[in-house]
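Okay, so here's the structure we're looking at.
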Amino acid sequence: MAKQGTGFFDSKGHYFRSPEEATCSDLAALLGQIGDGESLAPGIAHTLLKRRADIERLFAEHDAMLIEQERIKAALEGLPEKVSKLPTRG
């Protein structure tokens, strides 16, 4: 007898039982071959998905630092350099 089921597909159209498995497959594909022999990408993809909140927080902090760096560069633009080079030790 036929049964109804739910499935999830990665970007290549492969079937998976859970959204996590499908997403890990896509992440592993993005990472490509990592390491010699059997690729480490599937394990890394699983860890990325598992630690998603921490990773997103790190990227948000990184983006904030980039914005601050650009703000500082803009503020310093056009100012004369006030730093003298020290003589090298011989």
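Chain identifiers are assigned as A, B, and so on, following the order in which chains appear in the structure tokens; residues are numbered from 1 within each chain, and ligands are numbered from 1 in order of appearance.
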- [ ] Report as a ChimeraX atom specification: the residues of chain A with a DSSP assignment of strand (DSSP E), based on the backbone of this structure.
- [x] /A:8-9,15-16
Task: All residues 12 Å or closer to region 42-48 of chain A, only C-alpha atoms, same chain fewer than 3 positions away omitted, as a ChimeraX atom specification - done: /A:19-35,38-39,51-56
Task: helix (DSSP H, G or I) residues, from DSSP on the backbone, in region 34-72 of chain A, as an MDAnalysis selection string - done: chainID A and resid 41:50 52:72
TODO: May I ask for the distance between CA of Tyr15 (chain A) and CA of Leu49 (chain A), given in Å to one decimal place?
DONE: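 Pair CA of Tyr15 (chain A) / CA of Leu49 (chain A) returns 18.3 Å.
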